[in-house]
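Dumped run-v3.cif below, it's mmCIF, C-alpha atoms:
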data_data
#
loop_
_atom_site.label_atom_id
_atom_site.label_comp_id
_atom_site.auth_asym_id
_atom_site.auth_seq_id
_atom_site.Cartn_x
_atom_site.Cartn_y
_atom_site.Cartn_z
CA MET N 1124 17.39 -35.55 -11.37
CA ILE N 1125 15.41 -32.69 -9.94
CA ASP N 1126 11.75 -33.57 -9.74
CA LYS N 1127 9.44 -31.25 -7.81
CA ILE N 1128 6.31 -33.19 -8.76
CA SER N 1129 4.40 -34.50 -5.73
CA ASP N 1130 2.34 -37.65 -5.96
CA SER N 1131 -0.67 -36.15 -4.22
CA PRO N 1132 -1.90 -33.06 -2.39
CA GLN N 1133 -1.59 -35.08 0.83
CA ALA N 1134 2.11 -35.78 0.20
CA ALA N 1135 2.78 -32.16 -0.75
CA LEU N 1136 1.22 -30.75 2.42
CA ALA N 1137 2.43 -33.32 4.95
CA ASP N 1138 4.89 -31.00 6.73
CA ILE N 1139 2.63 -27.99 7.30
CA HIS N 1140 2.92 -27.41 11.03
CA ASP N 1141 0.58 -25.95 13.62
CA GLY N 1142 0.99 -22.18 13.82
CA ALA N 1143 2.25 -21.88 10.23
CA THR N 1144 1.61 -18.82 8.07
CA VAL N 1145 0.03 -20.07 4.86
CA MET N 1146 -0.66 -17.92 1.81
CA ILE N 1147 -3.54 -19.14 -0.32
CA GLY N 1148 -3.84 -17.86 -3.89
CA GLY N 1149 -7.03 -16.93 -5.65
CA PHE N 1150 -9.37 -14.01 -6.05
CA GLY N 1151 -12.78 -15.39 -5.25
CA ASN N 1152 -12.74 -18.80 -6.88
CA ALA N 1153 -10.43 -17.87 -9.76
CA GLY N 1154 -7.02 -19.29 -8.93
CA MET N 1155 -8.11 -20.83 -5.66
CA PRO N 1156 -6.21 -24.12 -5.15
CA ALA N 1157 -9.27 -26.07 -4.02
CA ALA N 1158 -7.62 -29.51 -3.92
CA LEU N 1159 -4.75 -28.18 -1.77
CA ILE N 1160 -7.15 -26.49 0.65
CA ASP N 1161 -9.17 -29.70 0.97
CA ALA N 1162 -5.93 -31.56 1.68
CA LEU N 1163 -4.95 -28.96 4.29
CA ILE N 1164 -8.27 -29.49 6.08
CA GLU N 1165 -7.68 -33.23 6.01
CA GLN N 1166 -4.05 -32.79 7.14
CA GLY N 1167 -5.17 -31.18 10.37
CA ALA N 1168 -2.68 -28.34 10.99
CA ARG N 1169 -4.26 -25.74 13.27
CA ASP N 1170 -3.64 -22.29 14.70
CA LEU N 1171 -2.83 -21.12 11.17
CA THR N 1172 -2.38 -17.57 9.92
CA ILE N 1173 -3.91 -17.37 6.44
CA VAL N 1174 -3.12 -14.74 3.81
CA ASN N 1175 -5.70 -14.41 1.02
CA ASN N 1176 -7.51 -11.53 -0.66
CA ASN N 1177 -10.83 -12.65 0.81
CA ALA N 1178 -12.01 -14.70 3.75
CA GLY N 1179 -13.82 -17.53 2.04
CA ASN N 1180 -16.92 -17.87 -0.10
CA GLY N 1181 -19.83 -20.21 0.56
CA ASP N 1182 -18.99 -23.34 2.52
CA THR N 1183 -16.16 -24.83 0.50
CA GLY N 1184 -12.43 -24.14 0.08
CA LEU N 1185 -11.11 -21.45 2.42
CA ALA N 1186 -14.53 -21.12 4.07
CA ALA N 1187 -14.42 -24.82 4.96
CA LEU N 1188 -10.94 -24.39 6.47
CA LEU N 1189 -12.25 -21.54 8.62
CA LYS N 1190 -15.31 -23.56 9.56
CA ALA N 1191 -13.04 -26.39 10.75
CA LYS N 1192 -11.58 -23.83 13.25
CA ARG N 1193 -8.04 -24.21 11.94
CA VAL N 1194 -7.39 -20.52 11.43
CA ARG N 1195 -6.28 -18.18 14.22
CA LYS N 1196 -5.78 -15.10 12.07
CA ILE N 1197 -6.49 -13.94 8.55
CA ILE N 1198 -4.70 -11.20 6.64
CA CYS N 1199 -6.86 -9.99 3.75
CA SER N 1200 -8.36 -6.97 2.00
CA PHE N 1201 -12.00 -7.89 1.52
CA PRO N 1202 -13.50 -10.35 4.02
CA ARG N 1203 -17.12 -9.22 3.82
CA GLN N 1204 -19.05 -10.62 0.87
CA VAL N 1205 -22.56 -11.82 0.19
CA ASP N 1206 -21.48 -15.40 0.82
CA SER N 1207 -18.85 -14.94 3.56
CA HIS N 1208 -21.17 -16.20 6.30
CA VAL N 1209 -18.57 -18.58 7.78
CA PHE N 1210 -16.05 -15.79 8.35
CA ASP N 1211 -18.74 -13.34 9.47
CA ALA N 1212 -19.92 -15.68 12.23
CA LEU N 1213 -16.39 -16.44 13.49
CA TYR N 1214 -15.46 -12.74 13.43
CA ARG N 1215 -18.57 -11.66 15.32
CA ALA N 1216 -17.93 -14.43 17.88
CA GLY N 1217 -14.36 -13.15 18.36
CA GLU N 1218 -12.96 -16.50 17.23
CA ILE N 1219 -10.75 -15.17 14.44
CA GLU N 1220 -8.33 -12.26 14.27
CA LEU N 1221 -8.54 -9.98 11.20
CA GLU N 1222 -5.69 -7.89 9.81
CA LEU N 1223 -7.33 -5.76 7.13
CA THR N 1224 -5.01 -4.31 4.53
CA PRO N 1225 -5.75 -2.42 1.30
CA GLN N 1226 -5.56 -4.80 -1.65
CA GLY N 1227 -2.58 -3.14 -3.34
CA ASN N 1228 -0.71 -2.95 -0.04
CA LEU N 1229 -1.46 -6.64 0.47
CA ALA N 1230 -0.01 -7.44 -2.95
CA GLU N 1231 3.03 -5.23 -2.47
CA ARG N 1232 3.70 -6.54 1.05
CA ILE N 1233 3.72 -10.06 -0.40
CA ARG N 1234 5.91 -8.99 -3.31
CA ALA N 1235 8.28 -7.17 -0.93
CA ALA N 1236 8.75 -10.33 1.14
CA GLY N 1237 9.60 -12.29 -1.98
CA ALA N 1238 11.98 -9.61 -3.19
CA GLY N 1239 13.85 -9.20 0.10
CA ILE N 1240 12.55 -5.71 0.83
CA GLY N 1241 12.37 -4.83 4.51
CA GLY N 1242 9.51 -2.36 4.19
CA PHE N 1243 8.26 0.31 1.82
CA PHE N 1244 6.53 3.68 1.84
CA THR N 1245 3.20 3.75 0.00
CA PRO N 1246 0.67 6.55 -0.48
CA THR N 1247 -2.21 4.09 -0.15
CA GLY N 1248 -4.16 4.46 3.06
CA TYR N 1249 -2.47 7.66 4.23
CA GLY N 1250 -4.77 9.57 6.57
CA THR N 1251 -7.13 6.62 7.06
CA LEU N 1252 -7.96 4.19 9.85
CA LEU N 1253 -5.79 1.55 8.19
CA ALA N 1254 -2.69 3.68 8.62
CA GLU N 1255 -3.26 4.44 12.30
CA GLY N 1256 -0.15 3.83 14.41
CA LYS N 1257 2.07 3.39 11.36
CA GLU N 1258 5.13 5.46 10.58
CA THR N 1259 4.57 8.11 7.89
CA ARG N 1260 6.92 10.21 5.86
CA GLU N 1261 6.62 13.11 3.45
CA ILE N 1262 8.65 12.52 0.29
CA ASP N 1263 8.74 15.21 -2.42
CA GLY N 1264 5.56 16.78 -1.06
CA ARG N 1265 3.55 13.57 -0.91
CA HIS N 1266 2.53 11.62 2.18
CA TYR N 1267 3.44 7.96 2.55
CA VAL N 1268 2.84 5.16 5.06
CA LEU N 1269 5.45 2.56 6.02
CA GLU N 1270 4.25 -0.96 5.29
CA SER N 1271 6.03 -4.20 6.15
CA PRO N 1272 6.55 -7.37 4.11
CA ILE N 1273 4.42 -10.48 4.69
CA HIS N 1274 6.50 -13.65 4.77
CA ALA N 1275 4.95 -17.10 4.77
CA ASP N 1276 6.01 -20.60 5.64
CA PHE N 1277 3.94 -22.05 2.80
CA ALA N 1278 2.07 -20.78 -0.24
CA LEU N 1279 -0.70 -22.83 -1.81
CA ILE N 1280 -1.36 -21.61 -5.33
CA LYS N 1281 -2.99 -22.78 -8.54
CA ALA N 1282 -1.47 -22.66 -12.01
CA GLN N 1283 -2.50 -24.08 -15.35
CA ARG N 1284 0.69 -25.93 -16.32
CA GLY N 1285 3.93 -26.75 -14.57
CA ASP N 1286 7.03 -28.82 -15.21
CA ARG N 1287 9.32 -30.84 -12.93
CA TRP N 1288 11.57 -27.84 -12.32
CA GLY N 1289 8.60 -25.87 -11.00
CA ASN N 1290 8.17 -23.45 -13.90
CA LEU N 1291 4.57 -22.28 -14.08
CA VAL N 1292 2.09 -20.60 -16.38
CA TYR N 1293 -1.36 -19.53 -15.28
CA ARG N 1294 -4.74 -19.16 -16.92
CA LYS N 1295 -6.38 -15.75 -17.45
CA THR N 1296 -7.31 -13.85 -14.25
CA ALA N 1297 -6.63 -16.96 -12.16
CA ARG N 1298 -3.03 -15.71 -12.11
CA ASN N 1299 -3.82 -12.98 -9.54
CA PHE N 1300 -1.73 -13.64 -6.38
CA GLY N 1301 0.01 -16.84 -7.56
CA PRO N 1302 3.31 -15.40 -8.80
CA ILE N 1303 3.93 -13.15 -5.80
CA MET N 1304 2.83 -15.65 -3.18
CA ALA N 1305 5.20 -18.23 -4.70
CA MET N 1306 8.03 -15.71 -4.16
CA ALA N 1307 7.08 -14.84 -0.58
CA ALA N 1308 6.85 -18.33 0.90
CA ARG N 1309 9.65 -20.54 2.15
CA CYS N 1310 7.83 -23.43 0.48
CA ALA N 1311 5.52 -22.77 -2.47
CA ILE N 1312 3.20 -25.59 -3.49
CA ALA N 1313 1.45 -25.27 -6.84
CA GLN N 1314 -1.62 -27.21 -7.84
CA VAL N 1315 -1.55 -27.50 -11.65
CA ASP N 1316 -4.11 -28.71 -14.17
CA GLU N 1317 -1.36 -30.36 -16.17
CA VAL N 1318 2.29 -31.36 -15.75
CA VAL N 1319 4.27 -30.94 -18.96
CA GLU N 1320 7.72 -32.09 -20.06
CA LEU N 1321 10.70 -29.80 -19.48
CA GLY N 1322 10.95 -27.54 -22.51
CA ALA N 1323 7.25 -27.66 -23.31
CA LEU N 1324 6.70 -24.24 -21.68
CA ASP N 1325 7.97 -21.39 -23.84
CA PRO N 1326 10.85 -19.86 -21.82
CA GLU N 1327 9.78 -16.41 -23.04
CA ALA N 1328 6.33 -16.94 -21.53
CA ILE N 1329 7.07 -18.65 -18.20
CA VAL N 1330 5.38 -16.49 -15.57
CA THR N 1331 6.82 -18.04 -12.42
CA PRO N 1332 10.34 -19.44 -12.83
CA GLY N 1333 10.94 -22.67 -10.94
CA ILE N 1334 13.28 -21.09 -8.38
CA PHE N 1335 10.16 -19.80 -6.59
CA VAL N 1336 8.37 -23.16 -6.53
CA GLN N 1337 9.22 -26.14 -4.35
CA ARG N 1338 6.41 -28.59 -5.12
CA VAL N 1339 4.07 -29.15 -8.07
CA VAL N 1340 0.91 -31.21 -7.65
CA PRO N 1341 -1.08 -32.31 -10.70
CA VAL N 1342 -4.81 -32.10 -10.06
CA ARG N 1343 -7.22 -32.73 -12.89
CA THR N 1344 -9.38 -29.69 -13.57
CA GLU N 1345 -12.67 -31.48 -13.05
CA ASP N 1346 -11.43 -32.54 -9.59
CA ALA N 1347 -10.18 -29.08 -8.80
CA ARG N 1348 -13.44 -27.25 -9.37
CA MET L 1269 -36.62 19.06 -9.60
CA LYS L 1270 -35.22 16.91 -12.40
CA ARG L 1271 -32.81 14.21 -11.30
CA LEU L 1272 -30.70 12.01 -13.51
CA THR L 1273 -31.17 8.28 -13.31
CA ARG L 1274 -28.12 6.18 -12.43
CA ASP L 1275 -27.69 5.31 -16.10
CA GLN L 1276 -27.83 8.98 -17.05
CA ILE L 1277 -25.11 9.80 -14.51
CA ALA L 1278 -23.06 6.98 -16.02
CA GLU L 1279 -23.62 8.51 -19.45
CA CYS L 1280 -22.25 11.88 -18.24
CA VAL L 1281 -19.12 10.21 -16.87
CA ALA L 1282 -18.64 8.16 -20.05
CA ARG L 1283 -18.84 11.29 -22.20
CA ASP L 1284 -15.86 12.78 -20.34
CA ILE L 1285 -13.55 9.77 -20.78
CA PRO L 1286 -11.24 10.47 -23.75
CA GLU L 1287 -9.88 8.16 -26.42
CA GLY L 1288 -6.86 6.19 -25.22
CA ALA L 1289 -7.58 6.54 -21.50
CA TYR L 1290 -6.68 3.74 -19.09
CA VAL L 1291 -9.67 3.52 -16.77
CA ASN L 1292 -10.74 1.53 -13.73
CA LEU L 1293 -14.45 1.40 -12.95
CA GLY L 1294 -15.08 0.66 -9.28
CA ILE L 1295 -17.53 -1.94 -8.05
CA GLY L 1296 -21.20 -0.90 -7.90
CA LEU L 1297 -22.57 2.22 -9.58
CA PRO L 1298 -19.40 2.93 -11.67
CA THR L 1299 -19.72 -0.39 -13.53
CA LEU L 1300 -22.69 1.19 -15.36
CA VAL L 1301 -20.25 3.52 -17.16
CA ALA L 1302 -18.86 0.70 -19.34
CA ALA L 1303 -22.09 0.30 -21.30
CA HIS L 1304 -22.13 4.03 -22.15
CA LEU L 1305 -18.59 4.43 -23.49
CA PRO L 1306 -18.82 5.62 -27.12
CA ALA L 1307 -18.10 2.69 -29.43
CA GLU L 1308 -15.85 4.80 -31.67
CA ARG L 1309 -13.39 5.53 -28.84
CA GLU L 1310 -10.68 3.04 -27.88
CA ILE L 1311 -10.62 3.06 -24.08
CA PHE L 1312 -8.71 0.54 -21.97
CA LEU L 1313 -10.64 -0.81 -19.01
CA HIS L 1314 -8.49 -2.08 -16.15
CA SER L 1315 -9.73 -4.55 -13.56
CA GLU L 1316 -7.54 -4.77 -10.48
CA ASN L 1317 -7.68 -8.55 -10.24
CA GLY L 1318 -5.37 -8.58 -13.25
CA LEU L 1319 -6.57 -7.57 -16.69
CA LEU L 1320 -6.39 -4.68 -19.13
CA GLY L 1321 -8.70 -4.49 -22.11
CA MET L 1322 -11.72 -5.83 -20.28
CA GLY L 1323 -14.67 -6.50 -22.55
CA PRO L 1324 -18.41 -6.84 -21.93
CA PRO L 1325 -20.00 -9.77 -20.08
CA PRO L 1326 -19.98 -13.03 -22.06
CA ALA L 1327 -23.06 -14.54 -23.65
CA SER L 1328 -25.00 -16.82 -21.36
CA GLY L 1329 -23.29 -20.21 -21.32
CA ALA L 1330 -19.91 -18.77 -22.40
CA GLU L 1331 -18.79 -17.78 -18.89
CA ASP L 1332 -15.24 -18.77 -17.89
CA PRO L 1333 -14.62 -19.06 -14.13
CA ASP L 1334 -10.99 -18.02 -14.71
CA LEU L 1335 -12.01 -14.78 -16.44
CA ILE L 1336 -13.70 -12.47 -13.97
CA ASN L 1337 -13.60 -8.81 -12.95
CA ALA L 1338 -12.97 -7.21 -9.56
CA GLY L 1339 -16.63 -7.73 -8.68
CA LYS L 1340 -16.08 -11.46 -9.41
CA GLN L 1341 -18.51 -11.29 -12.34
CA PRO L 1342 -17.68 -13.14 -15.58
CA VAL L 1343 -16.25 -10.83 -18.26
CA THR L 1344 -14.44 -11.10 -21.59
CA LEU L 1345 -11.07 -9.90 -22.85
CA LEU L 1346 -10.84 -7.63 -25.91
CA THR L 1347 -8.42 -8.49 -28.69
CA GLY L 1348 -5.12 -6.97 -27.53
CA GLY L 1349 -5.96 -7.32 -23.84
CA ALA L 1350 -3.49 -8.63 -21.26
CA TYR L 1351 -3.37 -10.54 -17.98
CA PHE L 1352 -0.95 -9.82 -15.14
CA HIS L 1353 -0.45 -10.54 -11.45
CA HIS L 1354 -1.72 -8.49 -8.53
CA ALA L 1355 1.48 -6.57 -7.72
CA ASP L 1356 1.73 -5.38 -11.34
CA SER L 1357 -1.95 -4.54 -11.36
CA PHE L 1358 -1.64 -2.25 -8.35
CA ALA L 1359 1.63 -0.80 -9.65
CA MET L 1360 -0.47 0.42 -12.57
CA MET L 1361 -2.55 2.46 -10.10
CA ARG L 1362 -0.01 3.48 -7.51
CA GLY L 1363 2.65 4.19 -10.13
CA GLY L 1364 0.42 6.81 -11.76
CA HIS L 1365 -0.17 4.89 -15.00
CA LEU L 1366 -3.94 4.70 -14.69
CA ASP L 1367 -5.58 7.85 -16.07
CA ILE L 1368 -8.98 7.73 -14.42
CA CYS L 1369 -10.78 5.72 -11.81
CA VAL L 1370 -14.49 6.08 -11.20
CA LEU L 1371 -15.68 5.30 -7.69
CA GLY L 1372 -18.91 5.33 -5.74
CA ALA L 1373 -19.02 7.23 -2.45
CA PHE L 1374 -20.86 7.69 0.83
CA GLN L 1375 -19.49 11.22 1.13
CA VAL L 1376 -17.02 13.60 -0.50
CA SER L 1377 -15.68 16.68 1.28
CA VAL L 1378 -15.14 20.13 -0.24
CA SER L 1379 -11.41 19.47 -0.29
CA GLY L 1380 -11.83 16.15 -2.13
CA ASP L 1381 -11.60 13.74 0.81
CA LEU L 1382 -13.38 10.49 -0.06
CA ALA L 1383 -15.35 8.15 2.20
CA ASN L 1384 -16.60 5.00 0.47
CA TRP L 1385 -15.35 1.89 2.25
CA HIS L 1386 -16.77 1.68 5.74
CA THR L 1387 -19.81 3.05 7.52
CA GLY L 1388 -17.87 2.97 10.78
CA ALA L 1389 -20.82 1.21 12.47
CA ALA L 1390 -19.65 -0.76 15.50
CA ASP L 1391 -21.00 -4.08 14.23
CA ALA L 1392 -19.91 -3.63 10.61
CA ILE L 1393 -17.27 -6.02 9.29
CA PRO L 1394 -14.72 -3.78 7.57
CA ALA L 1395 -13.67 -4.60 3.99
CA VAL L 1396 -11.57 -2.27 1.87
CA GLY L 1397 -10.44 -4.12 -1.27
CA GLY L 1398 -8.72 -1.84 -3.78
CA ALA L 1399 -10.60 1.36 -2.90
CA MET L 1400 -7.72 3.06 -1.07
CA ASP L 1401 -5.22 2.07 -3.74
CA LEU L 1402 -7.42 3.50 -6.49
CA ALA L 1403 -8.06 6.69 -4.55
CA ALA L 1404 -4.35 7.24 -3.90
CA GLY L 1405 -3.08 6.03 -7.24
CA ALA L 1406 -5.15 7.05 -10.26
CA LYS L 1407 -4.19 10.34 -11.94
CA GLN L 1408 -7.81 11.47 -11.74
CA VAL L 1409 -10.52 10.22 -9.39
CA PHE L 1410 -14.12 10.69 -10.52
CA VAL L 1411 -16.87 10.01 -8.02
CA MET L 1412 -20.41 9.17 -9.06
CA MET L 1413 -23.17 9.17 -6.49
CA GLU L 1414 -26.58 10.51 -5.62
CA HIS L 1415 -26.33 14.14 -4.50
CA LEU L 1416 -28.50 13.60 -1.42
CA THR L 1417 -29.10 10.74 0.98
CA LYS L 1418 -32.56 9.18 1.19
CA SER L 1419 -33.35 11.57 4.04
CA GLY L 1420 -32.26 14.57 1.96
CA ALA L 1421 -28.87 15.28 3.57
CA SER L 1422 -26.08 16.35 1.24
CA LYS L 1423 -23.42 13.73 0.51
CA ILE L 1424 -21.07 16.58 -0.31
CA VAL L 1425 -19.88 17.81 3.07
CA GLU L 1426 -17.44 20.11 4.83
CA ARG L 1427 -15.79 17.10 6.55
CA CYS L 1428 -16.62 13.44 6.04
CA ASP L 1429 -18.39 11.74 8.97
CA TYR L 1430 -17.51 8.28 7.67
CA PRO L 1431 -13.97 6.84 7.85
CA LEU L 1432 -11.84 8.15 4.98
CA THR L 1433 -10.72 6.18 1.95
CA GLY L 1434 -8.31 8.88 0.82
CA VAL L 1435 -7.35 12.46 1.65
CA GLY L 1436 -7.88 15.16 -1.00
CA CYS L 1437 -7.99 12.57 -3.76
CA VAL L 1438 -11.24 13.36 -5.62
CA ASN L 1439 -11.06 15.52 -8.75
CA ARG L 1440 -14.62 15.47 -10.01
CA ILE L 1441 -18.07 14.57 -8.67
CA TYR L 1442 -20.95 13.44 -10.89
CA THR L 1443 -24.33 13.40 -9.16
CA ASP L 1444 -27.97 13.23 -10.22
CA LEU L 1445 -28.10 17.04 -9.83
CA ALA L 1446 -24.75 18.41 -10.97
CA VAL L 1447 -21.14 17.94 -12.02
CA LEU L 1448 -18.64 19.51 -9.62
CA GLU L 1449 -14.90 19.89 -9.71
CA VAL L 1450 -12.56 20.06 -6.73
CA THR L 1451 -10.31 23.08 -7.33
CA PRO L 1452 -7.79 24.91 -5.13
CA ALA L 1453 -10.35 27.76 -4.93
CA GLY L 1454 -13.14 25.44 -3.80
CA LEU L 1455 -15.86 23.23 -5.20
CA ALA L 1456 -16.70 24.52 -8.68
CA VAL L 1457 -20.00 23.70 -10.39
CA ARG L 1458 -19.37 22.60 -13.99
CA ALA L 1459 -22.93 21.66 -14.93
CA ILE L 1460 -26.37 21.64 -13.37
CA VAL L 1461 -29.09 19.17 -14.32
CA GLY L 1462 -32.29 20.60 -15.86
CA ASP L 1463 -33.27 24.12 -14.86
CA LEU L 1464 -32.35 23.86 -11.19
CA PRO L 1465 -31.20 27.35 -10.14
CA PHE L 1466 -27.65 27.61 -8.75
CA ASP L 1467 -28.96 29.05 -5.49
CA GLU L 1468 -31.20 26.03 -5.00
CA LEU L 1469 -28.29 23.64 -5.71
CA GLN L 1470 -26.24 25.65 -3.21
CA ARG L 1471 -29.02 25.36 -0.60
CA LEU L 1472 -29.40 21.58 -1.08
CA THR L 1473 -25.64 21.00 -0.99
CA GLY L 1474 -25.03 23.00 2.14
CA VAL L 1475 -21.35 23.76 1.51
CA PRO L 1476 -20.04 26.76 -0.46
CA LEU L 1477 -20.03 26.21 -4.22
CA LEU L 1478 -18.46 28.30 -6.97
CA PRO L 1479 -21.04 29.10 -9.69
CA PRO L 1480 -20.60 27.66 -13.22
CA ASP L 1481 -19.47 30.96 -14.73
CA ALA L 1482 -16.75 31.54 -12.13
CA GLY L 1483 -14.32 29.63 -14.39
#

As a first step, turn the structure in this file into structure tokens.
Amino acid sequence: MIDKISDSPQAALADIHDGATVMIGGFGNAGMPAALIDALIEQGARDLTIVNNNAGNGDTGLAALLKAKRVRKIICSFPRQVDSHVFDALYRAGEIELELTPQGNLAERIRAAGAGIGGFFTPTGYGTLLAEGKETREIDGRHYVLESPIHADFALIKAQRGDRWGNLVYRKTARNFGPIMAMAARCAIAQVDEVVELGALDPEAIVTPGIFVQRVVPVRTEDAR
Amino acid sequence: MKRLTRDQIAECVARDIPEGAYVNLGIGLPTLVAAHLPAEREIFLHSENGLLGMGPPPASGAEDPDLINAGKQPVTLLTGGAYFHHADSFAMMRGGHLDICVLGAFQVSVSGDLANWHTGAADAIPAVGGAMDLAAGAKQVFVMMEHLTKSGASKIVERCDYPLTGVGCVNRIYTDLAVLEVTPAGLAVRAIVGDLPFDELQRLTGVPLLPPDAG
């Protein structure tokens, strides 16, 4: 019997190795898998490359992971925020590498990895600092920049409900990067508010089919926030 | 010299958004536009974190941490609205499905180059978010900004000093002094606030403008 349910965040994250590339879902706090991030801090893997839209808020979650000096590099679109003081200090001290990418390019680079695309030409960023050094091409009179996929060893995402085959549905705008990060990682680990029986999720409404998900970890909502 | 308030600029932008338009309002000044959209028009607001049919902020106490906008503020969803993931959300822009985006700006050039993401200062931490995707993707890009900097320099320039967000992407500029349109012939004045003479607007702006009656 296939059962992708993990007993605990600790069990689900046990094999994350030093130097791994780890995608972390969420846009701000919506969709951020807080329990998995806490478990990653506890687990101790270091020298990580993190992919997230932001670079941590306040002192918890991703910010706490950065503060614990576990992250070598971050790939994101919007690191600077009113409460990104942990990242700001590390960046100014030269203790973290930043790869800044426009948000839509970030999403498409993640999607491309999950879809087996070797690269793609996008109009976003053409003629700007963020396209410097990249191959460009004119197609039908429009200018495009070549962007590459972002693959990951692990993705840590948050969904509302999941079943033992790994099928997932999300809640409202907490969906954000979850579905594409699940596709792009060799091992996608989903923190869910609730595990449901097979068949309880409407097959017409499953957002992430279980083929993209390797582990499902139930975390009660009140613990997760 | 009469100048529009930020809310009055937002009102001008709102007036020009037609029924049925799919619209993204950028973070900052453009968010003011939402409150001025005429109630009788059905307009679809898109937020790049993954929703269409964005409604007004919730009542105090009714906030949902899973329902936020691109500025990470709590919002609501209108009846008929939809949620989707980030790659779909940006496909809506890049794929040319979004009719209008409204963005703030540091500077806009006469040829419609936009600078709004980075001051270029050596110690600034760069952050771009969806600005470049919106600039490159929306069918029409409206900019709203003050016409002049605090020191009186024009924010409409021959060439942007700040790092670019997009090349030749701006279609229309709404300021506290005028509405301008980027045309192949040059920057055309569509409206002037109050009784400011064209020549005076021209002098303050510092780049060649086409007068309102030039078509």

Using 10 Å as the limit and counting all atoms listed in the file, can you tabulate each residue of chain N that touches chain L, with its shortest atom-to-atom distance in Å and the two atoms involved, as a Markdown table?
| residue | atom | partner | partner_atom | distance |
| --- | --- | --- | --- | --- |
| N:Gly1149 | CA | L:Asn1317 | CA | 9.6 |
| N:Phe1150 | CA | L:Asn1317 | CA | 7.1 |
| N:Gly1151 | CA | L:Lys1340 | CA | 6.6 |
| N:Asn1152 | CA | L:Pro1333 | CA | 7.5 |
| N:Ala1153 | CA | L:Asp1334 | CA | 5.0 |
| N:Gly1154 | CA | L:Asp1334 | CA | 7.1 |
| N:Met1155 | CA | L:Asp1334 | CA | 9.9 |
| N:Asn1176 | CA | L:Gly1397 | CA | 8.0 |
| N:Asn1177 | CA | L:Gly1397 | CA | 8.8 |
| N:Cys1199 | CA | L:Gly1397 | CA | 8.5 |
| N:Ser1200 | CA | L:Gly1397 | CA | 4.8 |
| N:Phe1201 | CA | L:Ala1395 | CA | 4.4 |
| N:Pro1202 | CA | L:Ala1395 | CA | 5.8 |
| N:Arg1203 | CA | L:Ala1395 | CA | 5.8 |
| N:Gln1204 | CA | L:Ala1395 | CA | 8.7 |
| N:Phe1210 | CA | L:Ile1393 | CA | 9.9 |
| N:Asp1211 | CA | L:Ile1393 | CA | 7.5 |
| N:Tyr1214 | CA | L:Ile1393 | CA | 8.1 |
| N:Arg1215 | CA | L:Asp1391 | CA | 8.0 |
| N:Leu1221 | CA | L:Pro1394 | CA | 9.5 |
| N:Leu1223 | CA | L:Ala1395 | CA | 7.2 |
| N:Thr1224 | CA | L:Val1396 | CA | 7.4 |
| N:Pro1225 | CA | L:Gly1397 | CA | 5.6 |
| N:Gln1226 | CA | L:Gly1398 | CA | 4.8 |
| N:Gly1227 | CA | L:Phe1358 | CA | 5.2 |
| N:Asn1228 | CA | L:Asp1401 | CA | 7.7 |
| N:Leu1229 | CA | L:Ala1355 | CA | 8.7 |
| N:Ala1230 | CA | L:Ala1355 | CA | 5.1 |
| N:Glu1231 | CA | L:Ala1355 | CA | 5.6 |
| N:Arg1232 | CA | L:Ala1355 | CA | 9.0 |
| N:Ile1233 | CA | L:Ala1355 | CA | 8.4 |
| N:Arg1234 | CA | L:Ala1355 | CA | 6.7 |
| N:Ala1235 | CA | L:Ala1355 | CA | 9.6 |
| N:Thr1245 | CA | L:Arg1362 | CA | 8.2 |
| N:Pro1246 | CA | L:Ala1404 | CA | 6.1 |
| N:Thr1247 | CA | L:Asp1401 | CA | 5.1 |
| N:Gly1248 | CA | L:Met1400 | CA | 5.6 |
| N:Tyr1249 | CA | L:Gly1434 | CA | 6.9 |
| N:Gly1250 | CA | L:Val1435 | CA | 6.3 |
| N:Thr1251 | CA | L:Leu1432 | CA | 5.4 |
| N:Leu1252 | CA | L:Pro1431 | CA | 6.9 |
| N:Leu1253 | CA | L:Thr1433 | CA | 9.2 |
| N:His1266 | CA | L:Val1435 | CA | 9.9 |
| N:Tyr1293 | CA | L:Tyr1351 | CA | 9.6 |
| N:Arg1294 | CA | L:Asp1334 | CA | 6.7 |
| N:Lys1295 | CA | L:Leu1335 | CA | 5.8 |
| N:Thr1296 | CA | L:Leu1335 | CA | 5.3 |
| N:Ala1297 | CA | L:Asp1334 | CA | 5.2 |
| N:Arg1298 | CA | L:His1353 | CA | 5.8 |
| N:Asn1299 | CA | L:His1353 | CA | 4.6 |
| N:Phe1300 | CA | L:His1354 | CA | 5.6 |
| N:Gly1301 | CA | L:His1353 | CA | 7.4 |
| N:Pro1302 | CA | L:His1353 | CA | 6.7 |
| N:Ile1303 | CA | L:Ala1355 | CA | 7.3 |
| N:Val1330 | CA | L:Phe1352 | CA | 9.2 |
| N:Arg1348 | CA | L:Pro1333 | CA | 9.5 |

> Which residue, L:Leu1300, L:Tyr1442, L:Phe1410, L:Val1378, has the smallest gap to Ile1424 (chain L) when you use all atoms listed in the file?
Replying inline: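 When distances to Ile1424 (chain L) are compared using all atoms listed in the file, the smallest one comes from L:Val1378.
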
> Any idea what's packed within 12 Å of Arg1260 (chain N), counting only C-alpha atoms, ignoring anything in its chain fewer than 2 positions away? Could you give it as a ChimeraX atom specification?
Replying inline: /N:1243-1246,1249-1250,1254,1257-1258,1262-1270

>> Excluding Lys1270 (chain L) and its own-chain neighbours fewer than 4 positions away, which residues fall within 8 Å of it when counting all atoms listed in the file? Please give them as a list in words.
In response: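 The neighbour list is Leu1445, Val1461, Gly1462, Asp1463 and Leu1464 of chain L.
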